[in-house]
Amino acid sequence: MEKTDYTATIQELLKGIDSEFDNTNPRHIKMIRHADKRTKLGKDQEQTQLFIRDNPFPSNITSIYALYVYRKDLFLQYQSEQLACNMKNIKYLVSFIGEKNTTARFVGVYRINSKRDNPRVEGEVILDLERIKAFEHLEKRIVIDWGFPANAWHQYYYKEKKARIEEYIQEQSKAPLFKSYLEVNVNHAQLQVAVQHPDWVTMLKDVNCIYCILDTSNGKQYVGSTYNKQGILGRWSQYAATGHGGDLDLEKKGENYCKTNLKWSILETLPLDISAHDAIERETLWKEKLGVKRFGYCNN
């Protein structure tokens with residue numbers, strides 16, 4: 001059930017944190033709610049695409065929230081382009097990302113240091129924005145009722161909005177941004193999110209691999225391989241479900257132990273169509289290199 005236990009206003013929650021912000025006329029502060037999906041037509045159907053200054057979002061960023069979590073530099077650019085008429089005399093932006101219905105999540109206070117005309121779009125300005133770190137402890141934790149209409153994406157700060165503080169961890173923030181196969185190094189909680197996260201699913205199902213499982217409590221390792229049409233995703237979904245994935249020595253440690261102490265990484269990627277014979281041959285080589293038969297959890 002959706003929470004409705006608003007206990008204060010956004011104005012009350014942000015008061016007393018930064019004196020310069022407090023002393024600014026509320027008519028010179030705008031609240032903005034990002035819930036933007038700028039679309040363009042593909043060959044077969046309409047496709048949703050998000051842009052920053054005419055450039056599409058990075059391929060591994062699929063939402064405005066993910067942009068804010070993983071690439072705050074690009075998020076700053078994303079919200080820096082505004083209609084000049086909406087930003088007249090505005091000195092601060094109080095930013096939110098739209099959620100269900102009319103709710104919105106607080107993602108920071110930004111000072112406008114300067115403005116310049118956007119040379120690419122008539123009537124737009126590019127804002128020089130500075131994130132005010134004093135409000136950082138409240139970012140992602142305040143939810144407000146933006147009110148109707150929800151598509152009214154900017155409002156003056158003098159309009160009181162019901163708000164609540166909650167402990168909140170967006171699923172996307174629990175899984176690291178996928179940068180490369182070599183940099184994958186996730187615990188079980190992150191793995192559970194990764195096998196359902198669109199960005200990770202795309203990458204994990206495209207290749208097979210030789211992978212390593214590290215027991216962080218004692219340094220022991222397990223080396224395995226994947227060789228199926230679902231790629232890494234097919235095998236790692238089993239680990240996400242149980243922690244041990246049915247591997248004998250890991251299963252003996254118990255499900256709770258595995259979920260608490262193990263981390264998964266990728267040693268080498270393999271073709272999606274690799275044969276079981278060739279994959280196991282590579283797996284054996286890695287086992288010999290790392291000595292996991294003698295010092296780890298591999299019993300074959």
# chains A, B, ... in the order shown; residues from 1 in each chain; ligands from 1

$ residues_around --residues "Leu191 of chain A" --least-positions-apart "5" --cutoff "10 Å" --atoms "only C-alpha atoms" --output "list of chain:residue names"
A:Lys174, A:Ala175, A:Pro176, A:Asn185, A:Val186, A:Gln196, A:His197, A:Trp200, A:Trp236, A:Ser237, A:Tyr239, A:Ala240, A:Ala241, A:Gly243, A:Lys259, A:Lys263, A:Trp264

$ write_last_selection --atoms "C-alpha atoms" --output "CSV table (one decimal), in the first residue's frame"
chain,number,residue,atom,x,y,z
A,174,LYS,CA,22.1,-1.5,-4.9
A,175,ALA,CA,23.7,-2.8,-8.1
A,176,PRO,CA,26.8,-1.0,-9.3
A,185,ASN,CA,32.6,-7.7,-8.4
A,186,VAL,CA,29.3,-8.0,-6.6
A,196,GLN,CA,16.8,-8.4,-12.9
A,197,HIS,CA,18.3,-5.0,-13.8
A,200,TRP,CA,22.9,-6.0,-16.4
A,236,TRP,CA,24.2,-16.5,-12.1
A,237,SER,CA,20.4,-16.4,-11.7
A,239,TYR,CA,23.4,-18.2,-7.5
A,240,ALA,CA,21.0,-15.2,-7.0
A,241,ALA,CA,18.3,-17.6,-5.9
A,243,GLY,CA,23.7,-18.3,-2.8
A,259,LYS,CA,24.5,-15.0,0.8
A,263,LYS,CA,31.3,-12.2,-4.0
A,264,TRP,CA,31.1,-12.9,-7.7

$ residues_around --residues "segment 112-115 of chain A" --least-positions-apart "6" --cutoff "10 Å" --atoms "only C-alpha atoms" --output "JSON, numbers by chain"
{"A": [29, 80, 81, 82, 84, 87, 88, 90, 91, 92, 93, 124, 125, 126, 127, 128, 129, 130, 131]}

$ write_last_selection --atoms "C-alpha atoms" --output "CSV table (one decimal), in the first residue's frame"
chain,number,residue,atom,x,y,z
A,29,ILE,CA,13.4,29.4,-6.1
A,80,SER,CA,20.9,22.7,-16.8
A,81,GLU,CA,18.9,23.3,-20.0
A,82,GLN,CA,15.7,25.3,-19.2
A,84,ALA,CA,14.5,31.2,-20.3
A,87,MET,CA,14.2,30.8,-15.0
A,88,LYS,CA,13.8,34.5,-14.9
A,90,ILE,CA,15.5,32.2,-10.3
A,91,LYS,CA,18.5,31.6,-8.0
A,92,TYR,CA,18.0,28.0,-6.8
A,93,LEU,CA,16.5,24.8,-8.1
A,124,GLU,CA,16.5,28.3,-23.8
A,125,VAL,CA,19.2,29.0,-21.4
A,126,ILE,CA,22.0,26.8,-20.0
A,127,LEU,CA,22.4,27.2,-16.3
A,128,ASP,CA,25.7,27.0,-14.4
A,129,LEU,CA,24.5,24.8,-11.6
A,130,GLU,CA,26.3,24.1,-8.3
A,131,ARG,CA,25.0,21.2,-6.1

$ closest_residue --among "A:Gly296, A:Gly16, A:Gly231, A:Pro56" --to "Leu250 of chain A" --atoms "only C-alpha atoms"
A:Gly296

$ closest_residue --among "A:Ile142, A:Asn300, A:Val201, A:His188" --to "Glu255 of chain A" --atoms "only C-alpha atoms"
A:His188

$ closest_residue --among "A:Trp153, A:Tyr6, A:Tyr181, A:Tyr110" --to "Ser265 of chain A" --atoms "only C-alpha atoms"
A:Tyr181

$ atom_distance --atom1 "atom CA of Asn187 of chain A" --atom2 "atom CA of Tyr222 of chain A"
14.3 Å

$ select_by_dssp --residues "segment 68-164 of chain A" --states "strand (DSSP E or B)" --output "JSON, numbers by chain"
{"A": [81, 82, 83, 92, 93, 94, 95, 96, 97, 98, 103, 104, 105, 106, 107, 108, 109, 110, 111, 112, 113, 114, 115, 116, 117, 124, 125, 126, 127, 128, 129, 130, 131, 142, 143, 144, 145, 154, 155, 156, 162, 163, 164]}

$ residues_around --residues "Lys140 of chain A" --least-positions-apart "3" --cutoff "6 Å" --atoms "only C-alpha atoms" --output "PDB file with N, CA and C atoms, in the first residue's frame"
ATOM      1  N   ARG A 105      10.614  12.353  -5.564  1.00  0.00           N
ATOM      2  CA  ARG A 105      11.694  12.127  -4.599  1.00  0.00           C
ATOM      3  C   ARG A 105      12.739  13.233  -4.726  1.00  0.00           C
ATOM      4  N   PHE A 106      13.116  13.793  -3.592  1.00  0.00           N
ATOM      5  CA  PHE A 106      14.076  14.890  -3.530  1.00  0.00           C
ATOM      6  C   PHE A 106      15.482  14.412  -3.921  1.00  0.00           C
ATOM      7  N   VAL A 107      16.127  15.148  -4.841  1.00  0.00           N
ATOM      8  CA  VAL A 107      17.479  14.772  -5.273  1.00  0.00           C
ATOM      9  C   VAL A 107      18.449  15.950  -5.236  1.00  0.00           C
TER      10      VAL A 107
END

$ residues_around --residues "segment 272-284 of chain A" --least-positions-apart "4" --cutoff "10 Å" --atoms "only C-alpha atoms" --output "PDB file with all heavy atoms, in the first residue's frame"
ATOM      1  N   LYS A 205      23.585 -11.751 -20.535  1.00  0.00           N
ATOM      2  CA  LYS A 205      23.055 -12.783 -21.431  1.00  0.00           C
ATOM      3  C   LYS A 205      23.748 -12.796 -22.800  1.00  0.00           C
ATOM      4  O   LYS A 205      23.485 -13.661 -23.610  1.00  0.00           O
ATOM      5  CB  LYS A 205      21.551 -12.614 -21.612  1.00  0.00           C
ATOM      6  CG  LYS A 205      21.122 -11.418 -22.425  1.00  0.00           C
ATOM      7  CD  LYS A 205      19.604 -11.357 -22.532  1.00  0.00           C
ATOM      8  CE  LYS A 205      19.167 -10.185 -23.389  1.00  0.00           C
ATOM      9  NZ  LYS A 205      17.689 -10.108 -23.505  1.00  0.00           N
ATOM     10  N   ASP A 206      24.658 -11.852 -23.008  1.00  0.00           N
ATOM     11  CA  ASP A 206      25.332 -11.754 -24.315  1.00  0.00           C
ATOM     12  C   ASP A 206      26.569 -12.623 -24.432  1.00  0.00           C
ATOM     13  O   ASP A 206      27.054 -12.876 -25.538  1.00  0.00           O
ATOM     14  CB  ASP A 206      25.729 -10.298 -24.594  1.00  0.00           C
ATOM     15  CG  ASP A 206      24.582  -9.490 -25.164  1.00  0.00           C
ATOM     16  OD1 ASP A 206      23.524 -10.086 -25.439  1.00  0.00           O
ATOM     17  OD2 ASP A 206      24.731  -8.264 -25.326  1.00  0.00           O
ATOM     18  N   VAL A 207      27.129 -13.071 -23.288  1.00  0.00           N
ATOM     19  CA  VAL A 207      28.370 -13.856 -23.323  1.00  0.00           C
ATOM     20  C   VAL A 207      28.332 -14.937 -22.244  1.00  0.00           C
ATOM     21  O   VAL A 207      27.552 -14.864 -21.295  1.00  0.00           O
ATOM     22  CB  VAL A 207      29.618 -12.972 -23.082  1.00  0.00           C
ATOM     23  CG1 VAL A 207      29.801 -11.958 -24.192  1.00  0.00           C
ATOM     24  CG2 VAL A 207      29.538 -12.278 -21.725  1.00  0.00           C
ATOM     25  N   ASN A 208      29.184 -15.920 -22.412  1.00  0.00           N
ATOM     26  CA  ASN A 208      29.493 -16.859 -21.335  1.00  0.00           C
ATOM     27  C   ASN A 208      30.797 -16.415 -20.694  1.00  0.00           C
ATOM     28  O   ASN A 208      31.423 -15.432 -21.123  1.00  0.00           O
ATOM     29  CB  ASN A 208      29.588 -18.278 -21.885  1.00  0.00           C
ATOM     30  CG  ASN A 208      28.215 -18.891 -22.110  1.00  0.00           C
ATOM     31  OD1 ASN A 208      27.441 -19.049 -21.169  1.00  0.00           O
ATOM     32  ND2 ASN A 208      27.905 -19.241 -23.349  1.00  0.00           N
ATOM     33  N   CYS A 209      31.233 -17.144 -19.664  1.00  0.00           N
ATOM     34  CA  CYS A 209      32.442 -16.684 -18.981  1.00  0.00           C
ATOM     35  C   CYS A 209      33.064 -17.748 -18.093  1.00  0.00           C
ATOM     36  O   CYS A 209      32.461 -18.789 -17.812  1.00  0.00           O
ATOM     37  CB  CYS A 209      32.127 -15.459 -18.111  1.00  0.00           C
ATOM     38  SG  CYS A 209      31.315 -15.872 -16.538  1.00  0.00           S
ATOM     39  N   ILE A 210      34.278 -17.458 -17.651  1.00  0.00           N
ATOM     40  CA  ILE A 210      34.900 -18.111 -16.511  1.00  0.00           C
ATOM     41  C   ILE A 210      34.733 -17.138 -15.345  1.00  0.00           C
ATOM     42  O   ILE A 210      35.066 -15.957 -15.473  1.00  0.00           O
ATOM     43  CB  ILE A 210      36.401 -18.382 -16.732  1.00  0.00           C
ATOM     44  CG1 ILE A 210      36.619 -19.165 -18.027  1.00  0.00           C
ATOM     45  CG2 ILE A 210      36.989 -19.129 -15.538  1.00  0.00           C
ATOM     46  CD1 ILE A 210      35.993 -20.537 -18.046  1.00  0.00           C
ATOM     47  N   TYR A 211      34.170 -17.592 -14.251  1.00  0.00           N
ATOM     48  CA  TYR A 211      33.895 -16.700 -13.142  1.00  0.00           C
ATOM     49  C   TYR A 211      34.565 -17.211 -11.865  1.00  0.00           C
ATOM     50  O   TYR A 211      34.928 -18.383 -11.741  1.00  0.00           O
ATOM     51  CB  TYR A 211      32.392 -16.546 -12.912  1.00  0.00           C
ATOM     52  CG  TYR A 211      31.662 -17.826 -12.577  1.00  0.00           C
ATOM     53  CD1 TYR A 211      31.516 -18.257 -11.256  1.00  0.00           C
ATOM     54  CD2 TYR A 211      31.118 -18.617 -13.585  1.00  0.00           C
ATOM     55  CE1 TYR A 211      30.852 -19.424 -10.941  1.00  0.00           C
ATOM     56  CE2 TYR A 211      30.455 -19.798 -13.294  1.00  0.00           C
ATOM     57  CZ  TYR A 211      30.321 -20.197 -11.971  1.00  0.00           C
ATOM     58  OH  TYR A 211      29.671 -21.372 -11.673  1.00  0.00           O
ATOM     59  N   VAL A 223      36.039 -21.501  -8.770  1.00  0.00           N
ATOM     60  CA  VAL A 223      36.085 -21.111 -10.181  1.00  0.00           C
ATOM     61  C   VAL A 223      35.119 -21.987 -10.956  1.00  0.00           C
ATOM     62  O   VAL A 223      35.096 -23.209 -10.791  1.00  0.00           O
ATOM     63  CB  VAL A 223      37.511 -21.249 -10.755  1.00  0.00           C
ATOM     64  CG1 VAL A 223      37.498 -21.088 -12.278  1.00  0.00           C
ATOM     65  CG2 VAL A 223      38.434 -20.205 -10.131  1.00  0.00           C
ATOM     66  N   GLY A 224      34.304 -21.361 -11.767  1.00  0.00           N
ATOM     67  CA  GLY A 224      33.343 -22.099 -12.591  1.00  0.00           C
ATOM     68  C   GLY A 224      33.252 -21.499 -13.977  1.00  0.00           C
ATOM     69  O   GLY A 224      33.885 -20.483 -14.278  1.00  0.00           O
ATOM     70  N   SER A 225      32.447 -22.113 -14.822  1.00  0.00           N
ATOM     71  CA  SER A 225      32.267 -21.633 -16.191  1.00  0.00           C
ATOM     72  C   SER A 225      30.795 -21.699 -16.566  1.00  0.00           C
ATOM     73  O   SER A 225      30.021 -22.453 -15.983  1.00  0.00           O
ATOM     74  CB  SER A 225      33.088 -22.468 -17.172  1.00  0.00           C
ATOM     75  OG  SER A 225      32.674 -23.835 -17.143  1.00  0.00           O
ATOM     76  N   THR A 226      30.406 -20.885 -17.537  1.00  0.00           N
ATOM     77  CA  THR A 226      29.057 -20.955 -18.092  1.00  0.00           C
ATOM     78  C   THR A 226      29.176 -21.309 -19.571  1.00  0.00           C
ATOM     79  O   THR A 226      30.087 -20.869 -20.256  1.00  0.00           O
ATOM     80  CB  THR A 226      28.300 -19.621 -17.927  1.00  0.00           C
ATOM     81  OG1 THR A 226      28.883 -18.624 -18.776  1.00  0.00           O
ATOM     82  CG2 THR A 226      28.359 -19.139 -16.487  1.00  0.00           C
ATOM     83  N   TYR A 227      28.232 -22.110 -20.037  1.00  0.00           N
ATOM     84  CA  TYR A 227      28.239 -22.506 -21.460  1.00  0.00           C
ATOM     85  C   TYR A 227      26.808 -22.857 -21.861  1.00  0.00           C
ATOM     86  O   TYR A 227      26.465 -24.005 -22.123  1.00  0.00           O
ATOM     87  CB  TYR A 227      29.200 -23.681 -21.710  1.00  0.00           C
ATOM     88  CG  TYR A 227      29.202 -24.752 -20.643  1.00  0.00           C
ATOM     89  CD1 TYR A 227      28.348 -25.851 -20.718  1.00  0.00           C
ATOM     90  CD2 TYR A 227      30.083 -24.672 -19.565  1.00  0.00           C
ATOM     91  CE1 TYR A 227      28.367 -26.840 -19.743  1.00  0.00           C
ATOM     92  CE2 TYR A 227      30.110 -25.654 -18.582  1.00  0.00           C
ATOM     93  CZ  TYR A 227      29.246 -26.728 -18.680  1.00  0.00           C
ATOM     94  OH  TYR A 227      29.266 -27.710 -17.705  1.00  0.00           O
ATOM     95  N   ASN A 228      25.972 -21.833 -21.886  1.00  0.00           N
ATOM     96  CA  ASN A 228      24.572 -22.040 -22.267  1.00  0.00           C
ATOM     97  C   ASN A 228      24.071 -20.854 -23.066  1.00  0.00           C
ATOM     98  O   ASN A 228      24.734 -19.811 -23.138  1.00  0.00           O
ATOM     99  CB  ASN A 228      23.717 -22.246 -21.013  1.00  0.00           C
ATOM    100  CG  ASN A 228      23.749 -21.038 -20.096  1.00  0.00           C
ATOM    101  OD1 ASN A 228      23.066 -20.042 -20.331  1.00  0.00           O
ATOM    102  ND2 ASN A 228      24.574 -21.104 -19.043  1.00  0.00           N
ATOM    103  N   LYS A 229      22.922 -20.990 -23.668  1.00  0.00           N
ATOM    104  CA  LYS A 229      22.379 -19.961 -24.546  1.00  0.00           C
ATOM    105  C   LYS A 229      21.936 -18.713 -23.784  1.00  0.00           C
ATOM    106  O   LYS A 229      21.730 -17.667 -24.392  1.00  0.00           O
ATOM    107  CB  LYS A 229      21.215 -20.535 -25.353  1.00  0.00           C
ATOM    108  CG  LYS A 229      21.640 -21.595 -26.359  1.00  0.00           C
ATOM    109  CD  LYS A 229      20.455 -22.113 -27.159  1.00  0.00           C
ATOM    110  CE  LYS A 229      20.888 -23.166 -28.167  1.00  0.00           C
ATOM    111  NZ  LYS A 229      19.741 -23.687 -28.947  1.00  0.00           N
ATOM    112  N   GLN A 230      21.759 -18.844 -22.481  1.00  0.00           N
ATOM    113  CA  GLN A 230      21.406 -17.676 -21.664  1.00  0.00           C
ATOM    114  C   GLN A 230      22.635 -16.962 -21.120  1.00  0.00           C
ATOM    115  O   GLN A 230      22.532 -15.994 -20.367  1.00  0.00           O
ATOM    116  CB  GLN A 230      20.508 -18.087 -20.490  1.00  0.00           C
ATOM    117  CG  GLN A 230      19.112 -18.535 -20.896  1.00  0.00           C
ATOM    118  CD  GLN A 230      19.116 -19.932 -21.495  1.00  0.00           C
ATOM    119  OE1 GLN A 230      19.780 -20.828 -20.968  1.00  0.00           O
ATOM    120  NE2 GLN A 230      18.377 -20.127 -22.576  1.00  0.00           N
ATOM    121  N   GLY A 231      23.827 -17.449 -21.489  1.00  0.00           N
ATOM    122  CA  GLY A 231      25.060 -16.812 -21.075  1.00  0.00           C
ATOM    123  C   GLY A 231      25.264 -16.831 -19.565  1.00  0.00           C
ATOM    124  O   GLY A 231      24.779 -17.714 -18.854  1.00  0.00           O
ATOM    125  N   ILE A 232      25.973 -15.822 -19.084  1.00  0.00           N
ATOM    126  CA  ILE A 232      26.253 -15.718 -17.649  1.00  0.00           C
ATOM    127  C   ILE A 232      24.955 -15.639 -16.859  1.00  0.00           C
ATOM    128  O   ILE A 232      24.835 -16.190 -15.769  1.00  0.00           O
ATOM    129  CB  ILE A 232      27.111 -14.474 -17.368  1.00  0.00           C
ATOM    130  CG1 ILE A 232      28.423 -14.516 -18.163  1.00  0.00           C
ATOM    131  CG2 ILE A 232      27.421 -14.344 -15.875  1.00  0.00           C
ATOM    132  CD1 ILE A 232      29.198 -13.207 -18.139  1.00  0.00           C
ATOM    133  N   LEU A 267      36.415 -13.618 -14.646  1.00  0.00           N
ATOM    134  CA  LEU A 267      37.838 -13.712 -14.991  1.00  0.00           C
ATOM    135  C   LEU A 267      38.070 -13.582 -16.487  1.00  0.00           C
ATOM    136  O   LEU A 267      39.063 -12.995 -16.924  1.00  0.00           O
ATOM    137  CB  LEU A 267      38.398 -15.053 -14.504  1.00  0.00           C
ATOM    138  CG  LEU A 267      38.307 -15.327 -12.996  1.00  0.00           C
ATOM    139  CD1 LEU A 267      38.796 -16.735 -12.683  1.00  0.00           C
ATOM    140  CD2 LEU A 267      39.112 -14.294 -12.214  1.00  0.00           C
ATOM    141  N   GLU A 268      37.146 -14.124 -17.268  1.00  0.00           N
ATOM    142  CA  GLU A 268      37.330 -14.153 -18.719  1.00  0.00           C
ATOM    143  C   GLU A 268      35.966 -14.345 -19.371  1.00  0.00           C
ATOM    144  O   GLU A 268      35.143 -15.138 -18.892  1.00  0.00           O
ATOM    145  CB  GLU A 268      38.256 -15.315 -19.108  1.00  0.00           C
ATOM    146  CG  GLU A 268      38.464 -15.492 -20.595  1.00  0.00           C
ATOM    147  CD  GLU A 268      39.290 -16.725 -20.930  1.00  0.00           C
ATOM    148  OE1 GLU A 268      39.607 -17.511 -20.009  1.00  0.00           O
ATOM    149  OE2 GLU A 268      39.611 -16.925 -22.115  1.00  0.00           O
ATOM    150  N   GLU A 288      43.854 -24.355 -12.242  1.00  0.00           N
ATOM    151  CA  GLU A 288      45.267 -24.660 -12.020  1.00  0.00           C
ATOM    152  C   GLU A 288      46.047 -23.397 -11.674  1.00  0.00           C
ATOM    153  O   GLU A 288      46.915 -23.396 -10.794  1.00  0.00           O
ATOM    154  CB  GLU A 288      45.849 -25.327 -13.258  1.00  0.00           C
ATOM    155  CG  GLU A 288      45.299 -26.742 -13.495  1.00  0.00           C
ATOM    156  CD  GLU A 288      45.804 -27.341 -14.796  1.00  0.00           C
ATOM    157  OE1 GLU A 288      46.491 -26.613 -15.569  1.00  0.00           O
ATOM    158  OE2 GLU A 288      45.508 -28.520 -15.063  1.00  0.00           O
ATOM    159  N   LYS A 289      45.741 -22.312 -12.371  1.00  0.00           N
ATOM    160  CA  LYS A 289      46.442 -21.048 -12.121  1.00  0.00           C
ATOM    161  C   LYS A 289      46.212 -20.542 -10.704  1.00  0.00           C
ATOM    162  O   LYS A 289      47.121 -20.033 -10.050  1.00  0.00           O
ATOM    163  CB  LYS A 289      45.970 -19.983 -13.119  1.00  0.00           C
ATOM    164  CG  LYS A 289      46.544 -20.116 -14.521  1.00  0.00           C
ATOM    165  CD  LYS A 289      46.085 -18.935 -15.372  1.00  0.00           C
ATOM    166  CE  LYS A 289      46.744 -18.957 -16.741  1.00  0.00           C
ATOM    167  NZ  LYS A 289      46.346 -17.778 -17.549  1.00  0.00           N
ATOM    168  N   LYS A 293      41.744 -26.049  -6.431  1.00  0.00           N
ATOM    169  CA  LYS A 293      41.455 -27.442  -6.059  1.00  0.00           C
ATOM    170  C   LYS A 293      42.094 -27.768  -4.702  1.00  0.00           C
ATOM    171  O   LYS A 293      41.515 -28.502  -3.895  1.00  0.00           O
ATOM    172  CB  LYS A 293      41.996 -28.385  -7.121  1.00  0.00           C
ATOM    173  CG  LYS A 293      41.185 -28.393  -8.419  1.00  0.00           C
ATOM    174  CD  LYS A 293      41.696 -29.450  -9.383  1.00  0.00           C
ATOM    175  CE  LYS A 293      40.896 -29.459 -10.675  1.00  0.00           C
ATOM    176  NZ  LYS A 293      41.376 -30.507 -11.608  1.00  0.00           N
ATOM    177  N   ASN A 300      36.799 -30.768  -8.215  1.00  0.00           N
ATOM    178  CA  ASN A 300      37.021 -31.517  -9.462  1.00  0.00           C
ATOM    179  C   ASN A 300      37.850 -30.695 -10.423  1.00  0.00           C
ATOM    180  O   ASN A 300      38.166 -29.555 -10.165  1.00  0.00           O
ATOM    181  CB  ASN A 300      35.690 -31.939 -10.087  1.00  0.00           C
ATOM    182  CG  ASN A 300      34.776 -30.759 -10.357  1.00  0.00           C
ATOM    183  OD1 ASN A 300      35.230 -29.633 -10.588  1.00  0.00           O
ATOM    184  ND2 ASN A 300      33.471 -30.984 -10.313  1.00  0.00           N
TER     185      ASN A 300
END

$ closest_residue --among "A:Phe295, A:Phe135, A:Phe178, A:Tyr156" --to "Leu14 of chain A" --atoms "only C-alpha atoms"
A:Phe135

$ closest_residue --among "A:Thr269, A:Ser63, A:Asn55, A:Gln192" --to "Gln77 of chain A" --atoms "only C-alpha atoms"
A:Asn55

$ atom_distance --atom1 "atom CA of Cys298 of chain A" --atom2 "atom CA of Asn218 of chain A"
14.9 Å

$ select_by_dssp --residues "segment 44-219 of chain A" --states "alpha helix (DSSP H)" --output "MDAnalysis selection string"
chainID A and resid 64:70 72:80 171:174 188:194 198:204

$ atom_distance --atom1 "atom CA of Ala189 of chain A" --atom2 "atom CA of Cys212 of chain A"
16.7 Å
